[in-house]
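Here the structure is laid out as structure tokens; the discussion comes afterwards.
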Amino acid sequence: MELRLTTLGAYTEQFLLSLAAERGLSANYRSSVRQSLTHFRHWLEARRLEPAEVQDAHLVEYHHDLLAEGHAPSSSRVMMVHLRIFFRYLAATHALPSNPAELIQGGRAGMHIPQTLSDAAVEQLLESIDPQELPYGARDRAILEMLYGSGLRVSELVALRPEQVDWDEGFLRITGKGDKTRFVPLGGEAARALRHYREHARPLLLREGKPAPRVLFLSNRGSALTRERIRQIIKQRALEAGLSENVFPHILRHSFATHLLENGADLRVIQDMLGHADLATTQIYTHVEQKRLIRLHQAFHPRGRKH
């Protein structure tokens, strides 16, 4: 039996049987593993990604998506551990030629330091999209400017309505997880891109005879964009921009927070803008602050300079 998306469920059941026979693990634990692997299989199916194509970067992206969906850090780590032992099994049984999860020690390596783009890569990505190309250039430029400029979750972007934009004050009123409202600055570039899209591109996407959707960002059918379609747009635009990185929606949110912190923003301010209920969630970015403190110490402390 060849390992493909269509047979991944069968391989999962074989794996669960091996857990029962070789390790004597409880039915409850096996049920938990099955739920984790089923969730991952659906994630692969949504991306039309075969198991043999999975790389460690995909697993990092998957972990980010788990957090974006609202999974607690502890439960997402457990799900990643389940994936790790599953991929180890697939490699050991030669269903896969290698184990893409071997660098994810305990489900943690590379997971607590969020993947980001450099300033130059973000600039390359954004500037590669011509907003004068109507309607899709204007729409896609506005989408990426908003994700990077305001640090929005994709779910927040696709649900964004015109009345949530305060043009006079330059703020977005965002309703995030737990129906909590927060106010996020709308940066100058994002505001210009959004205004241009609203005035020149969105009317072209509306369909005659159909009621206008309440949301701002529309598909080619005149309906609301989905999270999966946003992911596809970003991936395609990154390829067109010539970026070698694995670019996905949440990487722009991570880059938003990381670049703010690198330029001196307070962690609690970033927490508010991201809509994190707990500062501990925002502290995944503290590796940036630690590096900045080391640079400051080396630059200004009499005995901190490198020789």
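Ordered as shown in the structure tokens, chains take letters A, B, and onward, while each chain numbers its residues from 1 and ligands are numbered from 1 in the order shown.
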Which residues are close to Ser75 (chain A), i.e. within 12 Å by only C-alpha atoms, leaving aside same-chain residues fewer than 3 positions away? Reply as a PDB file with all heavy atoms, in the first residue's frame.
ATOM      1  N   SER A  32      -6.743  10.112  21.476  1.00  0.00           N
ATOM      2  CA  SER A  32      -6.167  11.455  21.391  1.00  0.00           C
ATOM      3  C   SER A  32      -5.224  11.564  20.201  1.00  0.00           C
ATOM      4  O   SER A  32      -5.233  12.555  19.465  1.00  0.00           O
ATOM      5  CB  SER A  32      -5.419  11.786  22.686  1.00  0.00           C
ATOM      6  OG  SER A  32      -4.735  13.013  22.574  1.00  0.00           O
ATOM      7  N   VAL A  33      -4.403  10.514  19.987  1.00  0.00           N
ATOM      8  CA  VAL A  33      -3.477  10.508  18.850  1.00  0.00           C
ATOM      9  C   VAL A  33      -4.263  10.502  17.539  1.00  0.00           C
ATOM     10  O   VAL A  33      -3.922  11.224  16.592  1.00  0.00           O
ATOM     11  CB  VAL A  33      -2.540   9.283  18.927  1.00  0.00           C
ATOM     12  CG1 VAL A  33      -1.684   9.192  17.665  1.00  0.00           C
ATOM     13  CG2 VAL A  33      -1.647   9.368  20.160  1.00  0.00           C
ATOM     14  N   GLN A  35      -7.202  11.738  16.933  1.00  0.00           N
ATOM     15  CA  GLN A  35      -7.750  13.078  16.705  1.00  0.00           C
ATOM     16  C   GLN A  35      -6.679  14.017  16.159  1.00  0.00           C
ATOM     17  O   GLN A  35      -6.926  14.788  15.230  1.00  0.00           O
ATOM     18  CB  GLN A  35      -8.319  13.627  18.009  1.00  0.00           C
ATOM     19  CG  GLN A  35      -9.607  12.969  18.458  1.00  0.00           C
ATOM     20  CD  GLN A  35     -10.087  13.487  19.799  1.00  0.00           C
ATOM     21  OE1 GLN A  35      -9.500  14.399  20.365  1.00  0.00           O
ATOM     22  NE2 GLN A  35     -11.150  12.897  20.319  1.00  0.00           N
ATOM     23  N   SER A  36      -5.467  13.937  16.732  1.00  0.00           N
ATOM     24  CA  SER A  36      -4.371  14.799  16.266  1.00  0.00           C
ATOM     25  C   SER A  36      -4.026  14.510  14.813  1.00  0.00           C
ATOM     26  O   SER A  36      -3.868  15.433  13.994  1.00  0.00           O
ATOM     27  CB  SER A  36      -3.122  14.592  17.133  1.00  0.00           C
ATOM     28  OG  SER A  36      -3.338  14.990  18.457  1.00  0.00           O
ATOM     29  N   HIS A  63       2.088  24.156  13.061  1.00  0.00           N
ATOM     30  CA  HIS A  63       2.054  24.542  14.478  1.00  0.00           C
ATOM     31  C   HIS A  63       1.547  25.972  14.649  1.00  0.00           C
ATOM     32  O   HIS A  63       0.737  26.259  15.529  1.00  0.00           O
ATOM     33  CB  HIS A  63       3.432  24.395  15.101  1.00  0.00           C
ATOM     34  CG  HIS A  63       3.465  24.645  16.576  1.00  0.00           C
ATOM     35  ND1 HIS A  63       3.884  25.833  17.114  1.00  0.00           N
ATOM     36  CD2 HIS A  63       3.098  23.873  17.622  1.00  0.00           C
ATOM     37  CE1 HIS A  63       3.789  25.782  18.433  1.00  0.00           C
ATOM     38  NE2 HIS A  63       3.322  24.605  18.767  1.00  0.00           N
ATOM     39  N   LEU A  66      -2.171  25.929  14.252  1.00  0.00           N
ATOM     40  CA  LEU A  66      -2.854  25.425  15.447  1.00  0.00           C
ATOM     41  C   LEU A  66      -3.071  26.550  16.456  1.00  0.00           C
ATOM     42  O   LEU A  66      -4.160  26.708  17.017  1.00  0.00           O
ATOM     43  CB  LEU A  66      -2.044  24.298  16.099  1.00  0.00           C
ATOM     44  CG  LEU A  66      -1.994  22.962  15.379  1.00  0.00           C
ATOM     45  CD1 LEU A  66      -1.059  22.007  16.115  1.00  0.00           C
ATOM     46  CD2 LEU A  66      -3.381  22.348  15.257  1.00  0.00           C
ATOM     47  N   LEU A  67      -2.033  27.342  16.680  1.00  0.00           N
ATOM     48  CA  LEU A  67      -2.137  28.456  17.626  1.00  0.00           C
ATOM     49  C   LEU A  67      -3.119  29.502  17.105  1.00  0.00           C
ATOM     50  O   LEU A  67      -3.909  30.062  17.875  1.00  0.00           O
ATOM     51  CB  LEU A  67      -0.756  29.084  17.858  1.00  0.00           C
ATOM     52  CG  LEU A  67       0.279  28.172  18.539  1.00  0.00           C
ATOM     53  CD1 LEU A  67       1.641  28.845  18.552  1.00  0.00           C
ATOM     54  CD2 LEU A  67      -0.154  27.808  19.952  1.00  0.00           C
ATOM     55  N   GLU A  69      -5.673  28.968  15.290  1.00  0.00           N
ATOM     56  CA  GLU A  69      -7.037  28.442  15.407  1.00  0.00           C
ATOM     57  C   GLU A  69      -7.560  28.519  16.839  1.00  0.00           C
ATOM     58  O   GLU A  69      -8.740  28.284  17.083  1.00  0.00           O
ATOM     59  CB  GLU A  69      -7.072  26.978  14.950  1.00  0.00           C
ATOM     60  CG  GLU A  69      -6.929  26.795  13.448  1.00  0.00           C
ATOM     61  CD  GLU A  69      -6.792  25.326  13.070  1.00  0.00           C
ATOM     62  OE1 GLU A  69      -7.000  24.466  13.955  1.00  0.00           O
ATOM     63  OE2 GLU A  69      -6.472  25.048  11.907  1.00  0.00           O
ATOM     64  N   GLY A  70      -6.675  28.816  17.783  1.00  0.00           N
ATOM     65  CA  GLY A  70      -7.115  28.942  19.167  1.00  0.00           C
ATOM     66  C   GLY A  70      -6.722  27.789  20.066  1.00  0.00           C
ATOM     67  O   GLY A  70      -7.117  27.748  21.235  1.00  0.00           O
ATOM     68  N   HIS A  71      -5.928  26.834  19.541  1.00  0.00           N
ATOM     69  CA  HIS A  71      -5.449  25.752  20.402  1.00  0.00           C
ATOM     70  C   HIS A  71      -4.489  26.325  21.441  1.00  0.00           C
ATOM     71  O   HIS A  71      -3.635  27.159  21.111  1.00  0.00           O
ATOM     72  CB  HIS A  71      -4.725  24.684  19.575  1.00  0.00           C
ATOM     73  CG  HIS A  71      -5.624  23.913  18.666  1.00  0.00           C
ATOM     74  ND1 HIS A  71      -6.277  22.768  19.047  1.00  0.00           N
ATOM     75  CD2 HIS A  71      -5.996  24.138  17.383  1.00  0.00           C
ATOM     76  CE1 HIS A  71      -7.001  22.301  18.039  1.00  0.00           C
ATOM     77  NE2 HIS A  71      -6.845  23.123  17.018  1.00  0.00           N
ATOM     78  N   ALA A  72      -4.600  25.884  22.660  1.00  0.00           N
ATOM     79  CA  ALA A  72      -3.688  26.328  23.710  1.00  0.00           C
ATOM     80  C   ALA A  72      -2.274  25.842  23.385  1.00  0.00           C
ATOM     81  O   ALA A  72      -2.103  24.792  22.754  1.00  0.00           O
ATOM     82  CB  ALA A  72      -4.124  25.775  25.059  1.00  0.00           C
ATOM     83  N   VAL A  78       1.258  18.956  22.418  1.00  0.00           N
ATOM     84  CA  VAL A  78       0.898  17.535  22.455  1.00  0.00           C
ATOM     85  C   VAL A  78       0.615  17.024  21.048  1.00  0.00           C
ATOM     86  O   VAL A  78       1.065  15.934  20.657  1.00  0.00           O
ATOM     87  CB  VAL A  78      -0.324  17.308  23.377  1.00  0.00           C
ATOM     88  CG1 VAL A  78      -0.875  15.902  23.202  1.00  0.00           C
ATOM     89  CG2 VAL A  78       0.050  17.549  24.830  1.00  0.00           C
ATOM     90  N   MET A  79      -0.114  17.812  20.262  1.00  0.00           N
ATOM     91  CA  MET A  79      -0.432  17.412  18.890  1.00  0.00           C
ATOM     92  C   MET A  79       0.836  17.279  18.055  1.00  0.00           C
ATOM     93  O   MET A  79       0.952  16.376  17.218  1.00  0.00           O
ATOM     94  CB  MET A  79      -1.399  18.407  18.266  1.00  0.00           C
ATOM     95  CG  MET A  79      -2.772  18.404  18.936  1.00  0.00           C
ATOM     96  SD  MET A  79      -3.878  19.735  18.366  1.00  0.00           S
ATOM     97  CE  MET A  79      -4.412  19.071  16.782  1.00  0.00           C
ATOM     98  N   MET A  80       1.807  18.163  18.294  1.00  0.00           N
ATOM     99  CA  MET A  80       3.063  18.077  17.559  1.00  0.00           C
ATOM    100  C   MET A  80       3.871  16.853  17.985  1.00  0.00           C
ATOM    101  O   MET A  80       4.557  16.228  17.166  1.00  0.00           O
ATOM    102  CB  MET A  80       3.881  19.353  17.755  1.00  0.00           C
ATOM    103  CG  MET A  80       3.248  20.610  17.168  1.00  0.00           C
ATOM    104  SD  MET A  80       2.770  20.471  15.425  1.00  0.00           S
ATOM    105  CE  MET A  80       4.348  20.162  14.651  1.00  0.00           C
ATOM    106  N   VAL A  81       3.798  16.480  19.259  1.00  0.00           N
ATOM    107  CA  VAL A  81       4.465  15.252  19.726  1.00  0.00           C
ATOM    108  C   VAL A  81       3.853  14.042  19.028  1.00  0.00           C
ATOM    109  O   VAL A  81       4.563  13.122  18.597  1.00  0.00           O
ATOM    110  CB  VAL A  81       4.363  15.122  21.261  1.00  0.00           C
ATOM    111  CG1 VAL A  81       4.806  13.731  21.708  1.00  0.00           C
ATOM    112  CG2 VAL A  81       5.208  16.180  21.944  1.00  0.00           C
ATOM    113  N   HIS A  82       2.524  14.012  18.907  1.00  0.00           N
ATOM    114  CA  HIS A  82       1.857  12.920  18.200  1.00  0.00           C
ATOM    115  C   HIS A  82       2.353  12.831  16.758  1.00  0.00           C
ATOM    116  O   HIS A  82       2.595  11.729  16.242  1.00  0.00           O
ATOM    117  CB  HIS A  82       0.342  13.129  18.224  1.00  0.00           C
ATOM    118  CG  HIS A  82      -0.258  13.019  19.584  1.00  0.00           C
ATOM    119  ND1 HIS A  82      -1.546  13.451  19.873  1.00  0.00           N
ATOM    120  CD2 HIS A  82       0.246  12.534  20.758  1.00  0.00           C
ATOM    121  CE1 HIS A  82      -1.792  13.228  21.155  1.00  0.00           C
ATOM    122  NE2 HIS A  82      -0.733  12.680  21.701  1.00  0.00           N
ATOM    123  N   GLY A 107       8.519  17.920  19.973  1.00  0.00           N
ATOM    124  CA  GLY A 107       7.513  18.833  19.448  1.00  0.00           C
ATOM    125  C   GLY A 107       7.857  20.275  19.704  1.00  0.00           C
ATOM    126  O   GLY A 107       7.028  21.156  19.548  1.00  0.00           O
TER     127      GLY A 107
END
Neighbours of Leu160 (chain A) within 6 Å (only C-alpha atoms; same-chain residues fewer than 2 positions away dropped), as a list of chain:residue names?
A:Leu157, A:Val158, A:Val215, A:Leu216
At a cut-off of 8 Å, using only C-alpha atoms, what residues contact Ser128 (chain A)? Leave out same-chain residues fewer than 4 positions from it and give the result as a count of residues only.
4
Helix (DSSP H, G or I) residues, from DSSP on the backbone, in region 118-216 of chain A, as a ChimeraX atom specification:
/A:119-127,136-150,154-158,162-164,177-179,188-205
Resulting file, chosen residues, C-alpha atoms, as a PDB file, in the first residue's frame:
ATOM      1  CA  ASP A 119      12.499  43.673   6.522  1.00  0.00           C
ATOM      2  CA  ALA A 120      13.981  43.273   3.028  1.00  0.00           C
ATOM      3  CA  ALA A 121      11.887  40.176   2.267  1.00  0.00           C
ATOM      4  CA  VAL A 122       8.682  41.914   3.357  1.00  0.00           C
ATOM      5  CA  GLU A 123       9.560  44.906   1.202  1.00  0.00           C
ATOM      6  CA  GLN A 124      10.298  42.625  -1.766  1.00  0.00           C
ATOM      7  CA  LEU A 125       6.976  40.829  -1.314  1.00  0.00           C
ATOM      8  CA  LEU A 126       4.852  43.972  -0.984  1.00  0.00           C
ATOM      9  CA  GLU A 127       6.531  45.966  -3.742  1.00  0.00           C
ATOM     10  CA  TYR A 136      -6.538  41.733  -7.980  1.00  0.00           C
ATOM     11  CA  GLY A 137      -3.293  43.671  -7.654  1.00  0.00           C
ATOM     12  CA  ALA A 138      -5.039  46.311  -5.564  1.00  0.00           C
ATOM     13  CA  ARG A 139      -6.848  43.694  -3.469  1.00  0.00           C
ATOM     14  CA  ASP A 140      -3.830  41.504  -2.818  1.00  0.00           C
ATOM     15  CA  ARG A 141      -1.573  44.455  -2.010  1.00  0.00           C
ATOM     16  CA  ALA A 142      -4.144  45.675   0.533  1.00  0.00           C
ATOM     17  CA  ILE A 143      -4.433  42.193   2.066  1.00  0.00           C
ATOM     18  CA  LEU A 144      -0.694  41.832   2.598  1.00  0.00           C
ATOM     19  CA  GLU A 145      -0.258  45.421   3.796  1.00  0.00           C
ATOM     20  CA  MET A 146      -3.006  44.822   6.371  1.00  0.00           C
ATOM     21  CA  LEU A 147      -1.633  41.500   7.618  1.00  0.00           C
ATOM     22  CA  TYR A 148       1.862  42.911   8.022  1.00  0.00           C
ATOM     23  CA  GLY A 149       0.984  46.504   8.950  1.00  0.00           C
ATOM     24  CA  SER A 150      -1.636  45.684  11.592  1.00  0.00           C
ATOM     25  CA  VAL A 154      -6.433  35.803   8.850  1.00  0.00           C
ATOM     26  CA  SER A 155      -9.812  35.091  10.461  1.00  0.00           C
ATOM     27  CA  GLU A 156      -9.984  38.762  11.478  1.00  0.00           C
ATOM     28  CA  LEU A 157      -9.031  39.958   8.008  1.00  0.00           C
ATOM     29  CA  VAL A 158     -11.647  37.905   6.151  1.00  0.00           C
ATOM     30  CA  PRO A 162     -16.072  48.738   6.397  1.00  0.00           C
ATOM     31  CA  GLU A 163     -17.513  50.119   9.635  1.00  0.00           C
ATOM     32  CA  GLN A 164     -14.561  48.666  11.579  1.00  0.00           C
ATOM     33  CA  LYS A 177     -10.928  35.608  20.171  1.00  0.00           C
ATOM     34  CA  GLY A 178     -13.504  35.480  22.939  1.00  0.00           C
ATOM     35  CA  ASP A 179     -15.387  38.350  21.264  1.00  0.00           C
ATOM     36  CA  GLY A 188       0.069  54.776   6.465  1.00  0.00           C
ATOM     37  CA  GLU A 189       0.960  52.245   3.753  1.00  0.00           C
ATOM     38  CA  ALA A 190      -1.837  49.891   4.811  1.00  0.00           C
ATOM     39  CA  ALA A 191      -4.339  52.773   4.880  1.00  0.00           C
ATOM     40  CA  ARG A 192      -3.348  53.907   1.374  1.00  0.00           C
ATOM     41  CA  ALA A 193      -3.566  50.365   0.002  1.00  0.00           C
ATOM     42  CA  LEU A 194      -6.919  49.736   1.681  1.00  0.00           C
ATOM     43  CA  ARG A 195      -8.408  53.029   0.502  1.00  0.00           C
ATOM     44  CA  HIS A 196      -7.224  52.365  -3.070  1.00  0.00           C
ATOM     45  CA  TYR A 197      -8.733  48.868  -2.990  1.00  0.00           C
ATOM     46  CA  ARG A 198     -12.016  50.097  -1.530  1.00  0.00           C
ATOM     47  CA  GLU A 199     -12.458  52.875  -4.079  1.00  0.00           C
ATOM     48  CA  HIS A 200     -11.098  51.293  -7.262  1.00  0.00           C
ATOM     49  CA  ALA A 201     -11.036  47.490  -6.968  1.00  0.00           C
ATOM     50  CA  ARG A 202     -13.836  46.380  -4.670  1.00  0.00           C
ATOM     51  CA  PRO A 203     -16.590  47.834  -6.919  1.00  0.00           C
ATOM     52  CA  LEU A 204     -15.221  45.692  -9.781  1.00  0.00           C
ATOM     53  CA  LEU A 205     -15.555  42.546  -7.651  1.00  0.00           C
TER      54      LEU A 205
END
Residue among A:Leu243, A:Ala159, A:Leu117, A:Ile129 lying closest to His259 (chain A), counting only C-alpha atoms
A:Leu117
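Residue nearest Arg173 (chain A), chosen from A:Met273, A:Val247, A:Leu225, A:Thr258 and counting only C-alpha atoms: A:Met273.
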Step one, run DSSP on the backbone; step two, keep only residues of region 76-222 of chain A assigned to strand (DSSP E); then write them as a PyMOL selection string.
chain A and resi 165-166+171-175+181-185
